[in-house]
file data.pdb (PDB, C-alpha atoms)
ATOM      1  CA  GLN V   1     113.893 184.823 120.767
ATOM      2  CA  LYS V   2     114.202 181.189 121.800
ATOM      3  CA  GLU V   3     113.480 180.355 125.416
ATOM      4  CA  VAL V   4     116.842 178.600 125.685
ATOM      5  CA  GLU V   5     119.943 179.398 123.672
ATOM      6  CA  GLN V   6     122.822 176.945 123.434
ATOM      7  CA  ASP V   7     125.732 177.033 121.018
ATOM      8  CA  PRO V   8     125.590 173.794 118.994
ATOM      9  CA  GLY V   9     129.365 173.706 118.487
ATOM     10  CA  PRO V  10     131.095 171.472 117.674
ATOM     11  CA  LEU V  11     133.602 172.075 120.420
ATOM     12  CA  SER V  12     136.892 170.231 120.094
ATOM     13  CA  VAL V  13     139.380 170.091 122.968
ATOM     14  CA  PRO V  14     142.486 168.050 123.825
ATOM     15  CA  GLU V  15     142.319 165.394 126.500
ATOM     16  CA  GLY V  16     142.797 166.866 129.965
ATOM     17  CA  ALA V  17     141.370 170.283 129.088
ATOM     18  CA  ILE V  18     138.714 172.050 131.104
ATOM     19  CA  VAL V  19     135.496 172.296 129.131
ATOM     20  CA  SER V  20     132.943 175.041 129.626
ATOM     21  CA  LEU V  21     129.438 174.617 128.222
ATOM     22  CA  ASN V  22     126.820 177.324 128.567
ATOM     23  CA  CYS V  23     123.180 178.174 128.057
ATOM     24  CA  THR V  24     121.162 181.319 128.422
ATOM     25  CA  TYR V  25     117.442 181.486 128.943
ATOM     26  CA  SER V  26     114.751 184.118 128.920
ATOM     27  CA  ASN V  27     111.944 182.805 131.135
ATOM     28  CA  SER V  28     112.454 183.691 134.783
ATOM     29  CA  ALA V  29     109.806 181.110 135.763
ATOM     30  CA  PHE V  30     112.286 178.266 135.296
ATOM     31  CA  GLN V  31     113.051 176.707 138.649
ATOM     32  CA  TYR V  32     115.067 173.593 137.880
ATOM     33  CA  PHE V  33     118.158 173.361 135.725
ATOM     34  CA  MET V  34     119.610 170.182 134.280
ATOM     35  CA  TRP V  35     122.424 168.980 132.090
ATOM     36  CA  TYR V  36     122.007 165.829 130.037
ATOM     37  CA  ARG V  37     124.664 163.933 128.116
ATOM     38  CA  GLN V  38     123.672 162.133 124.947
ATOM     39  CA  TYR V  39     125.904 159.709 123.132
ATOM     40  CA  SER V  40     125.258 159.056 119.480
ATOM     41  CA  ARG V  41     122.134 156.981 118.915
ATOM     42  CA  LYS V  42     121.339 156.826 122.631
ATOM     43  CA  GLY V  43     118.818 158.516 124.892
ATOM     44  CA  PRO V  44     119.887 161.498 127.018
ATOM     45  CA  GLU V  45     121.406 160.663 130.387
ATOM     46  CA  LEU V  46     120.875 162.995 133.341
ATOM     47  CA  LEU V  47     124.221 164.377 134.511
ATOM     48  CA  MET V  48     123.437 167.197 136.881
ATOM     49  CA  TYR V  49     120.422 168.999 138.245
ATOM     50  CA  THR V  50     120.172 172.073 140.400
ATOM     51  CA  TYR V  51     117.390 174.080 141.892
ATOM     52  CA  SER V  52     118.901 177.353 142.957
ATOM     53  CA  SER V  53     121.654 179.709 141.939
ATOM     54  CA  GLY V  54     125.156 178.605 142.833
ATOM     55  CA  ASN V  55     127.470 175.724 142.132
ATOM     56  CA  LYS V  56     126.992 171.988 142.375
ATOM     57  CA  GLU V  57     129.877 169.607 141.994
ATOM     58  CA  ASP V  58     129.875 165.909 141.162
ATOM     59  CA  GLY V  59     133.246 164.376 140.424
ATOM     60  CA  ARG V  60     134.732 166.074 137.377
ATOM     61  CA  PHE V  61     131.503 167.945 136.651
ATOM     62  CA  THR V  62     130.418 171.286 138.089
ATOM     63  CA  ALA V  63     127.083 172.881 137.295
ATOM     64  CA  GLN V  64     126.670 176.592 137.840
ATOM     65  CA  VAL V  65     123.449 178.574 137.817
ATOM     66  CA  ASP V  66     123.139 182.352 137.823
ATOM     67  CA  LYS V  67     119.455 183.177 137.941
ATOM     68  CA  SER V  68     120.048 186.922 137.955
ATOM     69  CA  SER V  69     121.801 186.673 134.596
ATOM     70  CA  LYS V  70     119.684 183.756 133.374
ATOM     71  CA  TYR V  71     122.852 181.853 132.593
ATOM     72  CA  ILE V  72     123.854 178.281 133.368
ATOM     73  CA  SER V  73     127.138 176.490 132.832
ATOM     74  CA  LEU V  74     128.596 173.014 132.982
ATOM     75  CA  PHE V  75     132.320 172.608 133.573
ATOM     76  CA  ILE V  76     134.141 169.366 132.882
ATOM     77  CA  ARG V  77     137.586 169.033 134.436
ATOM     78  CA  ASP V  78     140.280 166.717 133.110
ATOM     79  CA  SER V  79     138.198 165.933 130.062
ATOM     80  CA  GLN V  80     138.447 162.430 128.620
ATOM     81  CA  PRO V  81     137.738 161.037 125.142
ATOM     82  CA  SER V  82     134.794 159.217 126.728
ATOM     83  CA  ASP V  83     133.268 162.632 127.467
ATOM     84  CA  SER V  84     132.787 163.117 123.724
ATOM     85  CA  ALA V  85     129.030 163.468 123.346
ATOM     86  CA  THR V  86     126.293 166.035 122.917
ATOM     87  CA  TYR V  87     125.454 167.977 126.058
ATOM     88  CA  LEU V  88     121.949 169.313 126.426
ATOM     89  CA  CYS V  89     120.968 171.940 128.930
ATOM     90  CA  ALA V  90     117.398 171.849 130.135
ATOM     91  CA  MET V  91     115.246 173.866 132.443
ATOM     92  CA  SER V  92     111.888 173.212 133.992
ATOM     93  CA  SER V  93     109.089 175.009 135.677
ATOM     94  CA  ASN V  94     106.092 173.631 137.497
ATOM     95  CA  THR V  95     103.946 176.708 137.080
ATOM     96  CA  GLY V  96     100.730 175.793 135.330
ATOM     97  CA  GLY V  97     101.930 172.241 134.756
ATOM     98  CA  PHE V  98     105.339 170.675 134.455
ATOM     99  CA  LYS V  99     107.270 171.963 131.459
ATOM    100  CA  THR V 100     110.829 171.328 130.347
ATOM    101  CA  ILE V 101     112.662 173.207 127.634
ATOM    102  CA  PHE V 102     115.836 171.785 126.116
ATOM    103  CA  GLY V 103     118.710 173.582 124.497
ATOM    104  CA  ALA V 104     119.831 172.545 121.041
ATOM    105  CA  GLY V 105     122.785 170.653 122.504
ATOM    106  CA  THR V 106     126.523 171.249 122.168
ATOM    107  CA  ARG V 107     128.588 168.570 120.449
ATOM    108  CA  LEU V 108     131.836 168.007 122.301
ATOM    109  CA  PHE V 109     134.858 166.143 120.960
ATOM    110  CA  VAL V 110     137.729 165.356 123.301
ATOM    111  CA  LYS V 111     140.830 164.332 121.383
ATOM    112  CA  ALA V 112     143.237 161.792 122.834
TER
ATOM    113  CA  GLY C   1     119.348 156.315 139.371
ATOM    114  CA  ALA C   2     115.924 155.862 137.877
ATOM    115  CA  VAL C   3     115.771 153.560 134.854
ATOM    116  CA  VAL C   4     113.533 153.874 131.834
ATOM    117  CA  SER C   5     113.438 151.219 129.139
ATOM    118  CA  GLN C   6     112.133 151.299 125.602
ATOM    119  CA  HIS C   7     111.219 148.487 123.297
ATOM    120  CA  PRO C   8     112.073 147.853 120.570
ATOM    121  CA  SER C   9     115.419 149.621 120.275
ATOM    122  CA  TRP C  10     115.099 149.674 116.519
ATOM    123  CA  VAL C  11     112.498 148.704 113.974
ATOM    124  CA  ILE C  12     112.273 148.564 110.209
ATOM    125  CA  CYS C  13     108.838 148.411 108.662
ATOM    126  CA  LYS C  14     107.091 148.793 105.342
ATOM    127  CA  SER C  15     105.214 151.927 104.457
ATOM    128  CA  GLY C  16     101.586 151.747 105.567
ATOM    129  CA  THR C  17     102.122 149.512 108.562
ATOM    130  CA  SER C  18     101.720 150.531 112.197
ATOM    131  CA  VAL C  19     104.476 150.369 114.764
ATOM    132  CA  LYS C  20     104.105 150.295 118.535
ATOM    133  CA  ILE C  21     106.862 151.500 120.863
ATOM    134  CA  GLU C  22     106.778 150.765 124.580
ATOM    135  CA  CYS C  23     108.222 152.928 127.324
ATOM    136  CA  ARG C  24     108.553 151.554 130.837
ATOM    137  CA  SER C  25     109.752 153.060 134.090
ATOM    138  CA  LEU C  26     111.469 150.118 135.752
ATOM    139  CA  ASP C  27     112.005 151.201 139.324
ATOM    140  CA  PHE C  28     109.571 154.021 139.882
ATOM    141  CA  GLN C  29     106.030 154.985 139.076
ATOM    142  CA  ALA C  30     105.519 157.760 136.573
ATOM    143  CA  THR C  31     102.240 159.597 136.402
ATOM    144  CA  THR C  32     103.626 161.598 133.513
ATOM    145  CA  MET C  33     105.644 160.430 130.544
ATOM    146  CA  PHE C  34     106.827 162.346 127.513
ATOM    147  CA  TRP C  35     107.442 161.357 123.923
ATOM    148  CA  TYR C  36     110.101 163.088 121.867
ATOM    149  CA  ARG C  37     111.321 162.851 118.343
ATOM    150  CA  GLN C  38     114.870 163.615 117.337
ATOM    151  CA  PHE C  39     116.324 164.060 113.870
ATOM    152  CA  PRO C  40     120.054 163.623 113.242
ATOM    153  CA  LYS C  41     122.177 166.306 114.860
ATOM    154  CA  GLN C  42     119.110 168.092 116.148
ATOM    155  CA  SER C  43     117.703 168.527 119.604
ATOM    156  CA  LEU C  44     114.697 166.848 121.129
ATOM    157  CA  MET C  45     111.289 167.795 119.829
ATOM    158  CA  LEU C  46     108.485 167.213 122.293
ATOM    159  CA  MET C  47     105.609 165.407 120.615
ATOM    160  CA  ALA C  48     103.225 164.833 123.492
ATOM    161  CA  THR C  49     102.798 164.607 127.216
ATOM    162  CA  SER C  50     101.183 161.447 128.469
ATOM    163  CA  ASN C  51      99.370 161.276 131.789
ATOM    164  CA  GLU C  52      98.297 157.985 133.302
ATOM    165  CA  GLY C  53      94.608 157.384 132.911
ATOM    166  CA  SER C  54      93.883 160.397 130.739
ATOM    167  CA  LYS C  55      94.301 161.560 127.176
ATOM    168  CA  ALA C  56      97.686 162.703 126.021
ATOM    169  CA  THR C  57      98.376 166.342 125.342
ATOM    170  CA  TYR C  58      99.898 166.841 121.918
ATOM    171  CA  GLU C  59     102.193 169.651 120.867
ATOM    172  CA  GLN C  60     101.177 171.907 118.050
ATOM    173  CA  GLY C  61     101.704 170.303 114.657
ATOM    174  CA  VAL C  62     101.711 166.718 115.952
ATOM    175  CA  GLU C  63      98.856 164.644 114.565
ATOM    176  CA  LYS C  64      97.155 162.814 117.399
ATOM    177  CA  ASP C  65      95.527 160.333 115.012
ATOM    178  CA  LYS C  66      98.903 159.557 113.530
ATOM    179  CA  PHE C  67     100.763 159.155 116.791
ATOM    180  CA  LEU C  68      98.530 157.300 119.238
ATOM    181  CA  ILE C  69      99.617 157.427 122.852
ATOM    182  CA  ASN C  70      98.293 155.223 125.621
ATOM    183  CA  HIS C  71      99.415 155.541 129.226
ATOM    184  CA  ALA C  72      97.578 152.605 130.735
ATOM    185  CA  SER C  73      99.571 152.189 133.931
ATOM    186  CA  LEU C  74     101.997 154.096 136.117
ATOM    187  CA  THR C  75     104.932 152.265 134.553
ATOM    188  CA  LEU C  76     103.967 151.924 130.904
ATOM    189  CA  SER C  77     103.239 154.287 128.058
ATOM    190  CA  THR C  78     103.005 153.279 124.401
ATOM    191  CA  LEU C  79     103.376 155.249 121.196
ATOM    192  CA  THR C  80     101.841 153.788 118.059
ATOM    193  CA  VAL C  81     102.852 155.270 114.738
ATOM    194  CA  THR C  82      99.891 154.474 112.516
ATOM    195  CA  SER C  83     100.202 153.981 108.767
ATOM    196  CA  ALA C  84     103.868 154.829 108.920
ATOM    197  CA  HIS C  85     105.534 156.538 105.968
ATOM    198  CA  PRO C  86     109.214 157.166 105.187
ATOM    199  CA  GLU C  87     108.982 160.698 106.578
ATOM    200  CA  ASP C  88     108.129 159.176 109.967
ATOM    201  CA  SER C  89     111.584 157.615 110.095
ATOM    202  CA  SER C  90     113.282 159.099 113.121
ATOM    203  CA  PHE C  91     114.646 158.462 116.588
ATOM    204  CA  TYR C  92     111.820 158.333 119.134
ATOM    205  CA  ILE C  93     112.674 158.836 122.781
ATOM    206  CA  CYS C  94     110.431 158.627 125.807
ATOM    207  CA  SER C  95     111.026 160.020 129.239
ATOM    208  CA  ALA C  96     109.341 159.438 132.558
ATOM    209  CA  LEU C  97     108.879 162.049 135.216
ATOM    210  CA  LEU C  98     110.150 161.085 138.638
ATOM    211  CA  ALA C  99     107.976 162.956 141.078
ATOM    212  CA  GLY C 100     109.681 165.200 143.561
ATOM    213  CA  GLY C 101     109.556 164.638 147.271
ATOM    214  CA  ARG C 102     110.859 166.644 150.186
ATOM    215  CA  GLY C 103     114.098 168.247 149.081
ATOM    216  CA  TRP C 104     113.949 166.736 145.611
ATOM    217  CA  GLN C 105     112.801 168.121 142.363
ATOM    218  CA  GLU C 106     110.778 166.498 139.677
ATOM    219  CA  THR C 107     113.203 165.100 137.136
ATOM    220  CA  GLN C 108     112.872 163.544 133.727
ATOM    221  CA  TYR C 109     114.664 160.298 133.015
ATOM    222  CA  PHE C 110     115.014 159.201 129.433
ATOM    223  CA  GLY C 111     114.755 155.861 127.736
ATOM    224  CA  PRO C 112     117.457 154.685 125.329
ATOM    225  CA  GLY C 113     115.389 155.576 122.278
ATOM    226  CA  THR C 114     113.852 153.642 119.392
ATOM    227  CA  ARG C 115     115.153 154.075 115.889
ATOM    228  CA  LEU C 116     112.389 153.717 113.309
ATOM    229  CA  LEU C 117     113.074 153.232 109.633
ATOM    230  CA  VAL C 118     110.104 153.135 107.300
ATOM    231  CA  LEU C 119     110.839 151.759 103.857
TER
END
call {"tool": "encode", "arguments": {"input": "data.pdb", "output": "structure tokens"}}
result
Amino acid sequence: QKEVEQDPGPLSVPEGAIVSLNCTYSNSAFQYFMWYRQYSRKGPELLMYTYSSGNKEDGRFTAQVDKSSKYISLFIRDSQPSDSATYLCAMSSNTGGFKTIFGAGTRLFVKA
Amino acid sequence: GAVVSQHPSWVICKSGTSVKIECRSLDFQATTMFWYRQFPKQSLMLMATSNEGSKATYEQGVEKDKFLINHASLTLSTLTVTSAHPEDSSFYICSALLAGGRGWQETQYFGPGTRLLVL
């Protein structure tokens, strides 16, 4: 079993739709949870990071963490064609040294 | 936000030559930097963790003599691909760890990546 599971997609939605991206994980030692956006041929860009269970909102983006279920989500409201990218979930722990595990990434296409 | 740069952004070289890629944290000091490799439509593969002033820690299966890492200062880490071959062609991405302070977590910020093509 992989430490982080993420559906690679692709996920195709019409402009204006609400997008839901998800990851599950198995290691309860993870303390920090991040979402990165990666455009083609570019480095990943940090979108959201959270430390505890609950919701965090930033503009059109909402990150949700449920530690009891080991499940994290990223919601994108009013999706735009410019949101078309690969979204990587990531989680870190600082136990025994800093370690980050990335999901495989979900490719998102938002159609105009 | 924190900015990480990489140079060069792309490089084409002949088989057998060595290529050096630089990774710089521009507005913060990074004790720890990471080097990743990414193949098309695949996720990031951690190659090594680089700590300033000490030897890098390589992931299993990554040849340390092939991929030389030097983290000489708190803002610069370099990856040298020695005697490059076509199978080394890939997208190499570094990241720098922004240390956490009160109320903040440690967070990785990524460079824009370097595309290497070995002919």
call {"tool": "closest_atom_pairs", "arguments": {"input": "data.pdb", "of": "chain V", "to": "chain C", "cutoff": "7 Å", "atoms": "only C-alpha atoms", "output": "JSON lines"}}
result
{"residue": "V:Lys42", "atom": "CA", "partner": "C:Pro112", "partner_atom": "CA", "distance": 5.2}
{"residue": "V:Gly43", "atom": "CA", "partner": "C:Pro112", "partner_atom": "CA", "distance": 4.1}
{"residue": "V:Pro44", "atom": "CA", "partner": "C:Phe110", "partner_atom": "CA", "distance": 5.9}
{"residue": "V:Glu45", "atom": "CA", "partner": "C:Phe110", "partner_atom": "CA", "distance": 6.6}
{"residue": "V:Leu46", "atom": "CA", "partner": "C:Tyr109", "partner_atom": "CA", "distance": 6.8}
{"residue": "V:Ala104", "atom": "CA", "partner": "C:Ser43", "partner_atom": "CA", "distance": 4.8}
{"residue": "V:Gly105", "atom": "CA", "partner": "C:Ser43", "partner_atom": "CA", "distance": 6.2}
call {"tool": "resolve_selection", "arguments": {"input": "data.pdb", "expression": "the PyMOL selection byres ((chain V and resi 75-91) around 9)", "output": "count of residues only"}}
result
55
call {"tool": "closest_residue", "arguments": {"input": "data.pdb", "among": "C:Phe39, C:Leu117, C:Val19, C:Asn51", "to": "C:Lys66", "atoms": "all atoms listed in the file"}}
result
C:Val19
call {"tool": "closest_residue", "arguments": {"input": "data.pdb", "among": "C:Pro86, C:Gly61, C:Thr31, C:Thr80", "to": "C:Leu98", "atoms": "only C-alpha atoms"}}
result
C:Thr31
call {"tool": "atom_distance", "arguments": {"input": "data.pdb", "atom1": "atom CA of C:Ala56", "atom2": "atom CA of C:Thr75"}}
result
15.3 Å
call {"tool": "axis_aligned_box", "arguments": {"input": "data.pdb", "around": "stretch 45-62 of chain C", "padding_each_side": "4 Å", "output": "AutoDock Vina command-line options"}}
result
--center_x 102.6 --center_y 164.6 --center_z 124.0 --size_x 25.4 --size_y 22.5 --size_z 26.6
call {"tool": "resolve_selection", "arguments": {"input": "data.pdb", "expression": "the PyMOL selection byres ((chain C and resi 21) around 6)", "output": "ChimeraX atom specification"}}
result
/C:7,20,22,78-79
call {"tool": "write_last_selection", "arguments": {"input": "data.pdb", "atoms": "C-alpha atoms", "output": "PDB file, in the frame of the given file"}}
result
ATOM      1  CA  HIS C   7     111.219 148.487 123.297  1.00  0.00           C
ATOM      2  CA  LYS C  20     104.105 150.295 118.535  1.00  0.00           C
ATOM      3  CA  GLU C  22     106.778 150.765 124.580  1.00  0.00           C
ATOM      4  CA  THR C  78     103.005 153.279 124.401  1.00  0.00           C
ATOM      5  CA  LEU C  79     103.376 155.249 121.196  1.00  0.00           C
TER       6      LEU C  79
END
call {"tool": "residues_around", "arguments": {"input": "data.pdb", "residues": "C:Leu116", "least_positions_apart": "5", "cutoff": "7 Å", "atoms": "all atoms listed in the file", "output": "PyMOL selection string"}}
result
chain C and resi 10-12+89-91
call {"tool": "atom_distance", "arguments": {"input": "data.pdb", "atom1": "atom CA of C:Phe34", "atom2": "atom CA of C:Glu59"}}
result
10.9 Å
call {"tool": "residues_around", "arguments": {"input": "data.pdb", "residues": "C:Ala48", "least_positions_apart": "3", "cutoff": "9 Å", "atoms": "all atoms listed in the file", "output": "list of chain:residue names"}}
result
C:Met33, C:Phe34, C:Trp35, C:Tyr36, C:Ala56, C:Thr57, C:Tyr58, C:Glu59, C:Val62, C:Lys64, C:Ile69
call {"tool": "closest_residue", "arguments": {"input": "data.pdb", "among": "C:His71, C:Lys55, C:Arg37, C:Lys14", "to": "C:Ala96", "atoms": "all atoms listed in the file"}}
result
C:His71
call {"tool": "atom_distance", "arguments": {"input": "data.pdb", "atom1": "atom CA of C:Ser77", "atom2": "atom CA of C:Leu119"}}
result
25.5 Å
call {"tool": "resolve_selection", "arguments": {"input": "data.pdb", "expression": "the PyMOL selection byres ((chain V and resi 26) around 10)", "output": "mmCIF file with C-alpha atoms, keeping the file's coordinate frame"}}
result
data_model
loop_
_atom_site.group_PDB
_atom_site.id
_atom_site.type_symbol
_atom_site.label_atom_id
_atom_site.label_comp_id
_atom_site.auth_asym_id
_atom_site.auth_seq_id
_atom_site.Cartn_x
_atom_site.Cartn_y
_atom_site.Cartn_z
ATOM 1 C CA GLN V 1 113.893 184.823 120.767
ATOM 2 C CA LYS V 2 114.202 181.189 121.800
ATOM 3 C CA GLU V 3 113.480 180.355 125.416
ATOM 4 C CA VAL V 4 116.842 178.600 125.685
ATOM 5 C CA GLU V 5 119.943 179.398 123.672
ATOM 6 C CA THR V 24 121.162 181.319 128.422
ATOM 7 C CA TYR V 25 117.442 181.486 128.943
ATOM 8 C CA ASN V 27 111.944 182.805 131.135
ATOM 9 C CA SER V 28 112.454 183.691 134.783
ATOM 10 C CA ALA V 29 109.806 181.110 135.763
ATOM 11 C CA PHE V 30 112.286 178.266 135.296
ATOM 12 C CA SER V 69 121.801 186.673 134.596
ATOM 13 C CA LYS V 70 119.684 183.756 133.374
ATOM 14 C CA TYR V 71 122.852 181.853 132.593
#
